[in-house]
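Trainee: mmCIF, C-alpha atoms, saved as final.cif, coming up:
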data_target
loop_
_atom_site.label_atom_id
_atom_site.label_comp_id
_atom_site.auth_asym_id
_atom_site.auth_seq_id
_atom_site.Cartn_x
_atom_site.Cartn_y
_atom_site.Cartn_z
CA MET A 92 -40.55 212.25 41.57
CA ASP A 93 -37.40 210.11 41.57
CA LEU A 94 -34.69 212.72 42.23
CA VAL A 95 -31.11 212.29 41.03
CA LEU A 96 -29.08 213.75 43.90
CA THR A 97 -25.88 213.06 45.79
CA ASP A 98 -26.04 211.82 49.39
CA LYS A 99 -25.09 215.30 50.62
CA GLN A 100 -27.84 216.90 48.55
CA TYR A 101 -30.44 214.45 49.87
CA GLU A 102 -29.36 215.24 53.43
CA TYR A 103 -30.35 218.90 53.12
CA ILE A 104 -33.01 218.94 50.39
CA ASP A 105 -35.83 219.31 52.96
CA ASP A 106 -33.96 221.72 55.24
CA MET A 107 -36.03 224.88 55.69
CA THR A 108 -33.71 226.94 57.87
CA ARG A 109 -34.70 230.57 57.29
CA HIS A 110 -31.26 231.52 55.92
CA LEU A 111 -29.45 228.56 54.34
CA MET A 112 -26.01 229.12 52.82
CA ILE A 113 -24.71 226.41 50.47
CA MET A 114 -21.01 226.95 49.90
CA GLY A 115 -18.03 224.91 48.88
CA SER A 116 -15.98 223.82 45.93
CA ALA A 117 -16.68 224.12 42.24
CA GLY A 118 -18.28 221.00 40.76
CA SER A 119 -19.88 220.00 44.05
CA GLY A 120 -23.48 220.32 42.85
CA LYS A 121 -24.40 223.51 44.71
CA THR A 122 -26.44 225.02 41.89
CA ILE A 123 -28.28 221.80 40.97
CA PHE A 124 -29.17 221.34 44.64
CA ALA A 125 -30.57 224.87 44.91
CA CYS A 126 -32.51 224.64 41.64
CA THR A 127 -34.03 221.30 42.70
CA LYS A 128 -35.02 222.83 46.04
CA VAL A 129 -36.74 225.71 44.23
CA ILE A 130 -38.78 223.30 42.09
CA LEU A 131 -39.80 221.15 45.07
CA TYR A 132 -41.04 224.21 46.98
CA ALA A 133 -43.02 225.35 43.92
CA LEU A 134 -44.62 221.91 43.56
CA LYS A 135 -45.38 221.48 47.25
CA TYR A 136 -47.12 224.83 47.76
CA PRO A 137 -49.61 225.92 45.06
CA ASN A 138 -49.46 229.64 44.14
CA ALA A 139 -46.05 230.05 45.75
CA ARG A 140 -43.99 232.97 44.51
CA ILE A 141 -40.31 232.18 44.15
CA GLY A 142 -37.64 234.67 43.15
CA VAL A 143 -34.30 233.61 41.66
CA PHE A 144 -31.58 236.26 41.59
CA ARG A 145 -28.02 236.92 40.46
CA GLN A 146 -26.06 240.14 40.01
CA THR A 147 -26.52 240.38 36.22
CA LEU A 148 -29.14 239.02 33.82
CA PRO A 149 -26.68 237.37 31.36
CA SER A 150 -25.00 235.38 34.14
CA LEU A 151 -28.42 234.47 35.60
CA ARG A 152 -29.57 233.16 32.21
CA GLU A 153 -26.46 230.99 31.90
CA THR A 154 -26.74 229.42 35.36
CA ALA A 155 -29.81 229.10 37.56
CA TRP A 156 -32.43 230.03 34.95
CA ARG A 157 -31.16 227.51 32.42
CA GLU A 158 -30.66 224.83 35.09
CA ILE A 159 -34.22 225.16 36.43
CA VAL A 160 -35.77 224.89 32.97
CA GLU A 161 -33.61 221.84 32.16
CA LEU A 162 -34.65 220.16 35.43
CA LEU A 163 -38.33 220.84 34.72
CA ASP A 164 -37.90 219.15 31.35
CA LYS A 165 -35.90 216.29 32.85
CA TYR A 166 -38.61 215.46 35.38
CA SER A 167 -41.46 216.04 32.87
CA ILE A 168 -43.01 218.82 34.95
CA GLN A 169 -45.52 220.96 33.04
CA TYR A 170 -44.70 224.67 32.89
CA LYS A 171 -44.95 227.78 30.76
CA GLU A 172 -41.93 230.03 30.23
CA ASN A 173 -42.19 233.73 29.44
CA LYS A 174 -38.63 234.61 28.46
CA SER A 175 -39.25 238.32 27.96
CA ASN A 176 -40.67 238.70 31.47
CA GLY A 177 -38.33 236.18 33.08
CA LEU A 178 -41.15 234.06 34.46
CA VAL A 179 -41.86 230.34 34.70
CA THR A 180 -45.39 229.29 35.72
CA LEU A 181 -46.29 225.78 36.89
CA SER A 182 -49.68 224.13 36.47
CA ASN A 183 -50.50 224.59 40.19
CA GLY A 184 -50.15 228.37 39.91
CA SER A 185 -46.70 228.63 41.46
CA THR A 186 -44.32 231.04 39.72
CA ILE A 187 -40.53 231.26 39.49
CA SER A 188 -39.26 234.70 38.49
CA PHE A 189 -35.69 235.49 37.36
CA THR A 190 -34.38 238.95 38.23
CA PRO A 191 -30.91 240.57 38.19
CA VAL A 192 -29.79 242.48 41.29
CA ASP A 193 -27.95 245.26 39.45
CA ASP A 194 -30.75 247.74 40.23
CA GLU A 195 -31.86 247.46 43.86
CA LYS A 196 -34.86 249.74 43.26
CA LYS A 197 -36.51 246.97 41.23
CA LEU A 198 -36.51 244.69 44.27
CA ARG A 199 -38.56 246.87 46.61
CA SER A 200 -42.03 246.03 45.26
CA LEU A 201 -41.60 242.24 45.28
CA ASN A 202 -43.73 239.92 47.42
CA LEU A 203 -42.16 236.47 47.61
CA ASP A 204 -42.29 233.23 49.55
CA PHE A 205 -38.87 231.82 48.68
CA VAL A 206 -35.67 233.58 47.56
CA TYR A 207 -32.73 231.86 45.87
CA ILE A 208 -29.57 233.91 45.20
CA GLU A 209 -26.98 232.34 42.90
CA GLN A 210 -23.34 233.42 43.51
CA CYS A 211 -24.44 235.55 46.45
CA GLU A 212 -20.88 236.77 46.96
CA GLU A 213 -21.39 238.98 43.87
CA ILE A 214 -24.11 241.15 45.41
CA THR A 215 -24.00 243.85 48.08
CA GLU A 216 -25.08 243.39 51.67
CA GLU A 217 -27.76 246.04 51.08
CA ALA A 218 -29.26 243.96 48.24
CA PHE A 219 -29.20 240.86 50.46
CA ILE A 220 -31.11 242.69 53.20
CA GLU A 221 -33.60 244.03 50.67
CA LEU A 222 -34.30 240.54 49.30
CA ASP A 223 -34.62 239.13 52.81
CA LEU A 224 -37.42 241.63 53.44
CA ARG A 225 -39.24 240.47 50.29
CA ILE A 226 -40.17 237.10 51.85
CA ARG A 227 -43.59 238.22 52.99
CA ASN A 228 -46.19 236.58 50.73
CA GLU A 229 -49.11 234.43 51.90
CA VAL A 230 -47.54 230.98 51.37
CA SER A 231 -44.44 231.86 53.42
CA LYS A 232 -46.60 233.31 56.18
CA ARG A 233 -48.53 230.04 56.41
CA TYR A 234 -45.88 227.39 55.71
CA GLY A 235 -42.56 229.18 56.10
CA GLY A 236 -40.22 230.74 53.56
CA GLN A 237 -36.50 230.56 52.98
CA MET A 238 -33.58 232.58 51.72
CA LEU A 239 -31.37 230.03 49.98
CA ILE A 240 -27.98 231.31 48.85
CA VAL A 241 -25.23 229.63 46.86
CA VAL A 242 -21.76 230.96 47.56
CA GLN A 243 -18.25 230.44 46.19
CA PRO A 244 -16.09 231.37 49.22
CA SER A 245 -13.57 234.17 48.79
CA ASN A 246 -11.62 236.15 51.37
CA LYS A 247 -12.69 236.53 54.97
CA SER A 248 -13.22 240.27 54.68
CA HIS A 249 -16.41 239.60 52.68
CA TRP A 250 -19.66 240.68 54.37
CA LEU A 251 -21.09 237.12 53.99
CA TYR A 252 -18.29 235.68 56.10
CA ARG A 253 -18.85 238.33 58.76
CA LEU A 254 -22.61 237.73 58.77
CA PHE A 255 -22.65 233.91 58.88
CA TYR A 256 -19.42 233.20 60.79
CA GLN A 257 -19.35 236.09 63.25
CA GLU A 258 -22.57 238.06 63.74
CA LYS A 259 -24.97 235.09 63.25
CA ALA A 260 -22.61 232.24 64.06
CA HIS A 261 -24.89 230.91 66.83
CA ASP A 262 -28.24 231.97 65.39
CA GLU A 263 -30.38 228.92 64.55
CA ASP A 264 -31.97 230.84 61.65
CA TYR A 265 -28.60 230.96 59.87
CA LYS A 266 -27.07 227.68 58.70
CA LYS A 267 -23.90 226.97 56.71
CA VAL A 268 -23.53 223.77 54.65
CA HIS A 269 -20.30 222.87 52.88
CA PHE A 270 -20.36 220.87 49.61
CA SER A 271 -17.25 219.25 48.12
CA TYR A 272 -16.62 218.02 44.59
CA LEU A 273 -15.28 214.83 46.23
CA GLU A 274 -18.86 214.11 47.35
CA ASN A 275 -20.20 214.38 43.79
CA PRO A 276 -20.10 210.97 42.02
CA TYR A 277 -21.48 212.56 38.83
CA LEU A 278 -18.47 214.87 38.31
CA PRO A 279 -16.28 213.77 35.35
CA GLU A 280 -12.81 212.66 36.38
CA GLU A 281 -11.24 215.10 33.91
CA GLN A 282 -12.95 218.03 35.64
CA ALA A 283 -11.76 216.87 39.05
CA LYS A 284 -8.18 216.88 37.70
CA VAL A 285 -8.62 220.51 36.59
CA TYR A 286 -9.66 221.50 40.11
CA GLU A 287 -6.71 219.66 41.64
CA GLY A 288 -4.36 221.30 39.13
CA LEU A 289 -5.08 224.72 40.66
CA ARG A 290 -2.89 223.66 43.59
CA GLU A 291 0.15 224.26 41.37
CA THR A 292 -1.00 227.23 39.27
CA ASN A 293 -2.93 229.40 41.76
CA TYR A 294 -2.92 228.19 45.35
CA GLU A 295 -5.34 230.80 46.65
CA ARG A 296 -7.75 229.84 43.86
CA TYR A 297 -7.21 226.20 44.85
CA LEU A 298 -8.30 226.99 48.40
CA THR A 299 -11.44 228.92 47.39
CA HIS A 300 -12.60 226.93 44.34
CA THR A 301 -11.23 223.41 44.83
CA LYS A 302 -11.41 223.25 48.60
CA GLY A 303 -14.26 225.75 48.92
CA GLU A 304 -12.67 227.53 51.87
CA TRP A 305 -12.70 231.13 53.06
CA VAL A 306 -9.17 232.53 53.02
CA SER A 307 -7.20 235.42 54.40
CA SER A 308 -6.01 236.84 51.11
CA SER A 309 -2.62 238.39 50.58
CA LYS A 310 -2.61 242.09 49.74
CA GLN A 311 -0.91 241.43 46.39
CA ILE A 312 -3.44 240.56 43.67
CA PHE A 313 -1.23 238.76 41.16
CA THR A 314 1.16 236.28 42.75
CA SER A 315 1.94 232.88 41.24
CA ASN A 316 0.28 233.00 37.80
CA TRP A 317 2.89 235.12 35.97
CA SER A 318 6.60 234.96 35.21
CA VAL A 319 9.20 236.87 33.23
CA GLY A 320 10.42 235.21 30.05
CA VAL A 321 8.91 234.19 26.71
CA ASP A 322 10.08 230.89 25.22
CA ARG A 323 7.75 230.74 22.22
CA THR A 324 7.86 232.27 18.72
CA TYR A 325 4.49 231.20 17.28
CA PHE A 326 0.97 231.60 18.63
CA ASN A 327 -2.66 230.68 17.97
CA TYR A 328 -3.44 234.38 17.48
CA TYR A 329 -2.46 237.88 18.59
CA VAL A 330 -4.54 240.39 20.56
CA GLY A 331 -3.95 243.75 22.18
CA GLY A 332 -4.96 245.38 25.45
CA VAL A 333 -5.29 249.17 25.74
CA ASP A 334 -5.60 251.53 28.69
CA PHE A 335 -6.12 255.14 27.64
CA GLY A 336 -4.56 258.05 29.50
CA TRP A 337 -3.12 261.55 29.24
CA ASN A 338 -1.70 262.77 32.55
CA ASN A 339 -1.44 259.11 33.46
CA PRO A 340 0.35 256.90 30.93
CA ALA A 341 -1.57 255.25 28.13
CA CYS A 342 -0.58 251.63 27.56
CA PHE A 343 -0.82 249.08 24.77
CA LEU A 344 0.22 245.47 25.29
CA LEU A 345 0.94 243.11 22.39
CA CYS A 346 -0.17 239.62 23.45
CA GLY A 347 0.38 236.30 21.74
CA VAL A 348 -2.00 233.56 22.85
CA TYR A 349 -1.10 229.89 22.67
CA ASP A 350 -2.97 226.99 24.28
CA ASP A 351 -4.96 229.46 26.42
CA GLU A 352 -1.79 231.00 27.89
CA PHE A 353 -0.79 234.66 27.43
CA TYR A 354 2.61 235.80 26.19
CA ILE A 355 3.15 239.56 26.57
CA LEU A 356 5.58 240.38 23.77
CA GLY A 357 5.88 244.14 23.99
CA GLU A 358 4.41 247.33 25.39
CA VAL A 359 3.80 250.97 24.48
CA TYR A 360 3.69 253.02 27.69
CA ARG A 361 3.77 256.81 27.79
CA ALA A 362 1.87 259.83 29.15
CA GLU A 363 0.62 262.80 27.10
CA MET A 364 0.30 260.93 23.82
CA LYS A 365 -2.24 262.09 21.29
CA THR A 366 -4.18 259.26 19.69
CA GLN A 367 -2.31 259.46 16.39
CA GLU A 368 1.06 259.19 18.14
CA PHE A 369 -0.24 256.29 20.22
CA LEU A 370 -1.34 254.45 17.07
CA SER A 371 1.99 255.15 15.37
CA ARG A 372 3.90 253.67 18.30
CA ILE A 373 1.63 250.61 18.24
CA HIS A 374 2.38 250.24 14.53
CA GLU A 375 6.13 250.46 15.26
CA LEU A 376 5.81 247.74 17.91
CA LEU A 377 3.99 245.48 15.46
CA ASP A 378 6.68 246.13 12.83
CA LEU A 379 9.30 245.11 15.38
CA HIS A 380 7.59 241.71 15.59
CA SER A 381 7.00 241.47 11.82
CA LEU A 382 3.25 241.85 12.30
CA ARG A 383 0.64 243.87 10.41
CA LEU A 384 -2.44 245.58 11.81
CA SER A 385 -4.53 242.78 10.33
CA ASP A 386 -2.54 240.21 12.33
CA LEU A 387 -4.15 241.49 15.51
CA ASP A 388 -7.35 239.51 15.91
CA SER A 389 -8.83 241.90 18.47
CA VAL A 390 -7.85 244.89 20.58
CA TYR A 391 -9.68 245.24 23.91
CA CYS A 392 -9.84 248.79 25.21
CA ASP A 393 -10.80 250.88 28.21
CA SER A 394 -14.55 251.37 27.64
CA ALA A 395 -14.50 254.86 29.21
CA ASP A 396 -13.39 256.49 25.94
CA PRO A 397 -15.58 255.34 23.00
CA GLU A 398 -14.30 258.16 20.76
CA LYS A 399 -10.74 256.83 20.94
CA ILE A 400 -11.95 253.28 20.38
CA GLN A 401 -13.60 254.50 17.17
CA GLN A 402 -10.31 256.14 16.12
CA PHE A 403 -8.58 252.79 16.64
CA CYS A 404 -11.20 251.13 14.43
CA ASP A 405 -10.77 253.84 11.76
CA TYR A 406 -7.03 253.15 11.83
CA GLY A 407 -7.67 249.53 10.89
CA LEU A 408 -7.76 247.74 14.25
CA ASN A 409 -10.58 245.48 15.47
CA ALA A 410 -11.05 247.49 18.65
CA TYR A 411 -13.74 246.69 21.21
CA PRO A 412 -14.72 248.16 24.58
CA SER A 413 -13.95 245.92 27.54
CA VAL A 414 -16.58 244.97 30.13
CA LYS A 415 -16.89 247.31 33.12
CA ASP A 416 -16.82 244.59 35.79
CA VAL A 417 -13.42 245.17 37.42
CA LYS A 418 -13.62 242.09 39.68
CA ALA A 419 -14.53 239.80 36.76
CA LYS A 420 -11.54 241.05 34.76
CA ILE A 421 -9.19 240.55 37.70
CA ASP A 422 -10.52 237.05 38.41
CA THR A 423 -10.12 236.01 34.77
CA THR A 424 -6.58 237.39 34.64
CA ARG A 425 -5.64 235.60 37.87
CA GLU A 426 -6.83 232.34 36.28
CA THR A 427 -4.62 232.91 33.22
CA LYS A 428 -1.03 231.73 32.94
CA ILE A 429 0.99 234.76 31.84
CA HIS A 430 4.52 235.01 30.42
CA VAL A 431 5.99 238.53 30.21
CA ASP A 432 8.88 239.45 27.94
CA SER A 433 11.70 241.19 29.80
CA SER A 434 11.27 244.26 27.57
CA CYS A 435 7.89 245.00 29.21
CA VAL A 436 9.46 246.85 32.11
CA ASN A 437 6.35 248.76 33.14
CA LEU A 438 4.10 245.69 33.31
CA ILE A 439 6.80 243.85 35.27
CA ARG A 440 6.99 246.81 37.67
CA GLU A 441 3.21 247.10 38.11
CA LEU A 442 2.22 243.46 38.56
CA PRO A 443 3.76 242.93 42.04
CA GLN A 444 2.57 246.40 43.18
CA TYR A 445 -1.08 245.84 42.21
CA GLU A 446 -2.91 245.37 45.52
CA TRP A 447 -6.33 245.02 47.16
CA LYS A 448 -7.79 247.94 49.09
CA LYS A 449 -8.18 247.74 52.86
CA ASN A 450 -11.09 249.00 54.94
CA LYS A 451 -10.75 251.10 58.09
CA ASP A 452 -10.20 247.92 60.14
CA GLY A 453 -7.33 246.81 57.93
CA GLU A 454 -9.33 244.04 56.26
CA LEU A 455 -8.80 243.39 52.55
CA LEU A 456 -11.60 244.34 50.18
CA GLU A 457 -12.30 242.77 46.78
CA GLU A 458 -11.48 246.07 45.08
CA PRO A 459 -8.05 247.11 43.77
CA VAL A 460 -6.11 250.21 44.80
CA LYS A 461 -6.21 252.64 41.86
CA LYS A 462 -2.49 253.16 41.34
CA ASN A 463 0.29 251.30 39.54
CA ASP A 464 -2.37 249.92 37.23
CA HIS A 465 -2.05 251.25 33.66
CA ALA A 466 -0.26 248.25 32.15
CA VAL A 467 -2.15 245.89 34.47
CA ASP A 468 -5.48 247.33 33.29
CA ALA A 469 -4.44 246.76 29.66
CA LEU A 470 -3.55 243.17 30.57
CA CYS A 471 -6.91 242.60 32.28
CA TYR A 472 -8.81 244.00 29.29
CA ALA A 473 -6.99 241.60 26.96
CA CYS A 474 -7.33 238.54 29.21
CA TYR A 475 -11.04 239.06 29.76
CA GLY A 476 -11.61 239.77 26.07
CA VAL A 477 -10.16 236.36 25.20
CA ARG A 478 -11.20 234.27 28.20
CA GLY A 479 -14.01 236.12 29.98
CA LYS A 480 -17.34 234.33 30.35
CA LEU A 481 -19.35 237.29 29.09
CA SER A 482 -16.90 238.59 26.49
CA LYS A 483 -18.76 239.25 23.24
CA ASN A 484 -15.73 239.32 20.93
CA LYS A 485 -13.66 236.26 21.69
CA PRO A 486 -11.18 235.45 18.92
CA VAL A 487 -11.27 232.24 16.93
CA SER A 488 -7.90 230.55 16.56
CA THR A 489 -6.37 230.97 13.11
CA PHE A 490 -3.15 229.09 13.92
CA ASP A 491 -2.17 226.51 11.32
CA ALA A 492 0.83 224.38 12.30
CA SER A 493 1.36 223.38 8.66
CA GLN A 494 2.35 226.99 7.89
CA LEU A 495 5.19 227.04 10.40
CA LYS A 496 8.58 228.03 9.06
CA ILE A 497 11.31 225.93 10.60
CA TYR A 498 14.65 227.69 10.84
#
Please express what this file holds, its structure, as structure tokens.
Mentor:
Amino acid sequence: MDLVLTDKQYEYIDDMTRHLMIMGSAGSGKTIFACTKVILYALKYPNARIGVFRQTLPSLRETAWREIVELLDKYSIQYKENKSNGLVTLSNGSTISFTPVDDEKKLRSLNLDFVYIEQCEEITEEAFIELDLRIRNEVSKRYGGQMLIVVQPSNKSHWLYRLFYQEKAHDEDYKKVHFSYLENPYLPEEQAKVYEGLRETNYERYLTHTKGEWVSSSKQIFTSNWSVGVDRTYFNYYVGGVDFGWNNPACFLLCGVYDDEFYILGEVYRAEMKTQEFLSRIHELLDLHSLRLSDLDSVYCDSADPEKIQQFCDYGLNAYPSVKDVKAKIDTTRETKIHVDSSCVNLIRELPQYEWKKNKDGELLEEPVKKNDHAVDALCYACYGVRGKLSKNKPVSTFDASQLKIY
């Protein structure tokens, strides 16, 4: 089989270190390398059982699962795919199963020879240990198995950094390999420019995604991606973000979106508001900006209160529950360029106070402190609704430049 790989990928394609961590920058070919390695193991050892994992099934389908099937087709390798069971079977009896890690109980009965975890930084250390124990089938006993993990580095408080760089730093069964997009000759030049552009818009993101480095994160979650001041009067579309509350303030943010950037035009922010009063204040805010309810493409809400979401829909708003993945919403919002009108005093107050939690040793965790977050939560719901990878209700731009009124 004439493989299409980079020099760096060729260097490690036959490496069978028991725990092999492939980390580095976006666009460096980490996933293609891992998927190719999975296929080669399946071809080399008949009846091998290979498990491919990621935190959630939708994200697994969109990454490793799809990539493996495309590679099998590319290299004209015969296989059968059972999509409902998440299983690919090769002609030599080897199987590749695709399983999410969101329920660790499902992992305990597995017998595998080779484990590949995509975006391993998403899963818990307990799930990692559980999957490590699953490499116990006959092929691995005879020829050796491997836990292959692909990682996008984040902050140094992560358990993966502790395990590979501290606890197992000198253990020959644990190897770290760094891939860089600069080593990938197949990466389009336009994509490389996007990665380099993060240097100016989000330097921490530049370090983790473009450079592929582990960083000591600052406590503050939102730093360089937002500013006060709105210099635009027309947008591709309008959306809203809603955080419900009673003793704590409820918040609605009116957001204009233009060229993938967010402009926060106004806010409703108050405690002890009944739903009807909340909706009336939202209507008043829209009136202030000469907008109707129908001008809001979508309103993304706190999913914890479906009854209130239904009341919003009954009022005439296209209201949807936001995803429950807090980290995904924060990451998407940090990648978004945000302009906040000076009238949004509560959002302006909360953004610099929104911080990561610390553990007992003072290390930062990838979990926010639950305070000073009502307007920020509304912002994250809106940003993920528009830009999130797994958002089900992304708006379609209705902006028509020919309809602009020039004053």
Trainee: Pick from A:Glu426, A:Ile214, A:Gly184, A:Tyr391: nearest to Gln169 (chain A), with only C-alpha atoms counted?
Mentor: A:Gly184
Trainee: Smallest atom-to-atom distance to Leu278 (chain A): which of A:Gly332, A:Gly120, A:Gly235, A:Gly142, using only C-alpha atoms?
Mentor: A:Gly120
Trainee: Per residue of region 325-411 of chain A within 9 Å of region 470-478 of chain A, which atom pair is closest and at what distance in Å (one decimal), using only C-alpha atoms, listed by chain and increasing number, as a tab-separated table?
Mentor:
residue	atom	partner	partner_atom	distance
A:Val330	CA	A:Ala473	CA	7.0
A:Gly331	CA	A:Ala473	CA	6.1
A:Gly332	CA	A:Ala473	CA	4.5
A:Val333	CA	A:Tyr472	CA	7.2
A:Asp334	CA	A:Tyr472	CA	8.2
A:Phe343	CA	A:Leu470	CA	8.7
A:Leu344	CA	A:Leu470	CA	6.9
A:Cys346	CA	A:Ala473	CA	7.9
A:Val348	CA	A:Val477	CA	8.9
A:Asp351	CA	A:Arg478	CA	8.1
A:Phe353	CA	A:Cys474	CA	7.8
A:Ile355	CA	A:Leu470	CA	8.6
A:Ser389	CA	A:Gly476	CA	8.4
A:Val390	CA	A:Ala473	CA	7.2
A:Tyr391	CA	A:Ala473	CA	5.5
A:Cys392	CA	A:Tyr472	CA	6.4
A:Asp393	CA	A:Tyr472	CA	7.2
A:Tyr411	CA	A:Gly476	CA	8.7
Trainee: My list of candidates is A:Thr301, A:Asn275, A:Ser433, A:Thr215. Which is closest to Val319 (chain A) when distances are computed with only C-alpha atoms?
Mentor: A:Ser433
Trainee: For the provided coordinates, the residues matched by the PyMOL selection byres ((chain A and resi 337) around 9) should be stated as a list in words.
Mentor: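 When the PyMOL selection byres ((chain A and resi 337) around 9) is applied to the shown file, the picked residues are Phe335, Gly336, Asn338, Asn339, Pro340, Ala341, Arg361, Ala362, Glu363, Met364 and Lys365 of chain A.
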Trainee: Could you save those same residues with C-alpha atoms as a PDB file, in the frame of the given file?
Mentor:
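Written file, again-v3.pdb:
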ATOM      1  CA  PHE A 335      -6.120 255.140  27.640  1.00  0.00           C
ATOM      2  CA  GLY A 336      -4.560 258.050  29.500  1.00  0.00           C
ATOM      3  CA  ASN A 338      -1.700 262.770  32.550  1.00  0.00           C
ATOM      4  CA  ASN A 339      -1.440 259.110  33.460  1.00  0.00           C
ATOM      5  CA  PRO A 340       0.350 256.900  30.930  1.00  0.00           C
ATOM      6  CA  ALA A 341      -1.570 255.250  28.130  1.00  0.00           C
ATOM      7  CA  ARG A 361       3.770 256.810  27.790  1.00  0.00           C
ATOM      8  CA  ALA A 362       1.870 259.830  29.150  1.00  0.00           C
ATOM      9  CA  GLU A 363       0.620 262.800  27.100  1.00  0.00           C
ATOM     10  CA  MET A 364       0.300 260.930  23.820  1.00  0.00           C
ATOM     11  CA  LYS A 365      -2.240 262.090  21.290  1.00  0.00           C
TER      12      LYS A 365
END
Trainee: Using only C-alpha atoms, can you tell me which of A:Ile220, A:Leu162, A:Leu289, A:Met112 comes closest to Val95 (chain A)?
Mentor: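 Among A:Ile220, A:Leu162, A:Leu289, A:Met112, it is A:Leu162 that comes nearest to Val95 (chain A).
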Trainee: I'd like the residues picked by the PyMOL selection byres ((chain A and resi 441) around 10) written out as a list of chain:residue names, using the chain letters and numbers from the file.
Mentor: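 This file gives the following for the PyMOL selection byres ((chain A and resi 441) around 10): A:Phe313, A:Val436, A:Asn437, A:Leu438, A:Ile439, A:Arg440, A:Leu442, A:Pro443, A:Gln444, A:Tyr445, A:Glu446, A:Lys462, A:Asn463, A:Asp464, A:His465, A:Ala466, A:Val467, A:Asp468.
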Trainee: Taking the file as shown, what set of residues would the PyMOL selection byres ((chain A and resi 92) around 12) give back, as a list in words?
Mentor: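 What the PyMOL selection byres ((chain A and resi 92) around 12) grabs from the file is Asp93, Leu94, Val95, Leu96, Thr127, Ile130, Leu131, Leu134, Lys135, Leu162, Leu163, Lys165, Tyr166, Ser167 and Ile168 of chain A.
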Trainee: For a quick check of understanding, using all atoms listed in the file, which of A:Glu287, A:Glu398, A:Glu457, A:Glu229 has the smallest distance to Tyr272 (chain A)?
Mentor: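 Comparing A:Glu287, A:Glu398, A:Glu457, A:Glu229 against Tyr272 (chain A), the winner is A:Glu287.
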Trainee: I want to know what sits within 8 Å of Leu198 (chain A), based on all atoms listed in the file, with residues of the same chain fewer than 4 positions away left out; could you give that as a list in words?
Mentor: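 Residues meeting the cut-off are Val192, Asp194, Glu221, Leu222 and Arg225 of chain A.
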Trainee: Please list as an MDAnalysis selection string every residue within 8 Å of Lys121 (chain A), counting all atoms listed in the file and excluding residues in the same chain fewer than 4 positions away.
Mentor: chainID A and resid 113:115 125 241 270
Trainee: Tell me, in Å to one decimal, how far CA of Asn293 (chain A) is from CA of Ile123 (chain A).
Mentor: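 Those two atoms sit 26.5 Å apart.
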Trainee: Which centre and edge lengths in Å to one decimal define the box along x, y and z that fits every listed atom of region 355-362 of chain A plus 8 Å per side, as lines of an AutoDock Vina configuration file?
Mentor:
center_x = 3.9
center_y = 249.7
center_z = 26.5
size_x = 20.0
size_y = 36.3
size_z = 21.4
Trainee: May I ask which of the residues A:Ser318, A:Tyr207, A:Pro191, A:Trp250 is the closest one to Asn450 (chain A), counting only C-alpha atoms?
Mentor: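 Under the stated criterion, the closest residue is A:Trp250.
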Trainee: Can you take the partial region 155-165 of chain A, add N, CA and C atoms, and return it as a CSV table (one decimal), in the frame of the given file?
Mentor:
chain,number,residue,atom,x,y,z
A,155,ALA,N,-28.6,229.6,36.9
A,155,ALA,CA,-29.8,229.1,37.6
A,155,ALA,C,-31.0,229.0,36.7
A,156,TRP,N,-31.3,230.0,35.8
A,156,TRP,CA,-32.4,230.0,35.0
A,156,TRP,C,-32.4,228.8,34.0
A,157,ARG,N,-31.3,228.6,33.3
A,157,ARG,CA,-31.2,227.5,32.4
A,157,ARG,C,-31.3,226.2,33.2
A,158,GLU,N,-30.7,226.1,34.3
A,158,GLU,CA,-30.7,224.8,35.1
A,158,GLU,C,-32.1,224.5,35.5
A,159,ILE,N,-32.9,225.4,36.0
A,159,ILE,CA,-34.2,225.2,36.4
A,159,ILE,C,-35.1,224.7,35.3
A,160,VAL,N,-35.0,225.3,34.1
A,160,VAL,CA,-35.8,224.9,33.0
A,160,VAL,C,-35.4,223.5,32.5
A,161,GLU,N,-34.1,223.2,32.5
A,161,GLU,CA,-33.6,221.8,32.2
A,161,GLU,C,-34.1,220.8,33.1
A,162,LEU,N,-34.1,221.1,34.4
A,162,LEU,CA,-34.6,220.2,35.4
A,162,LEU,C,-36.2,219.9,35.3
A,163,LEU,N,-36.9,221.0,35.0
A,163,LEU,CA,-38.3,220.8,34.7
A,163,LEU,C,-38.6,219.9,33.5
A,164,ASP,N,-37.8,220.0,32.5
A,164,ASP,CA,-37.9,219.2,31.4
A,164,ASP,C,-37.5,217.7,31.7
A,165,LYS,N,-36.4,217.6,32.5
A,165,LYS,CA,-35.9,216.3,32.8
A,165,LYS,C,-36.9,215.5,33.6
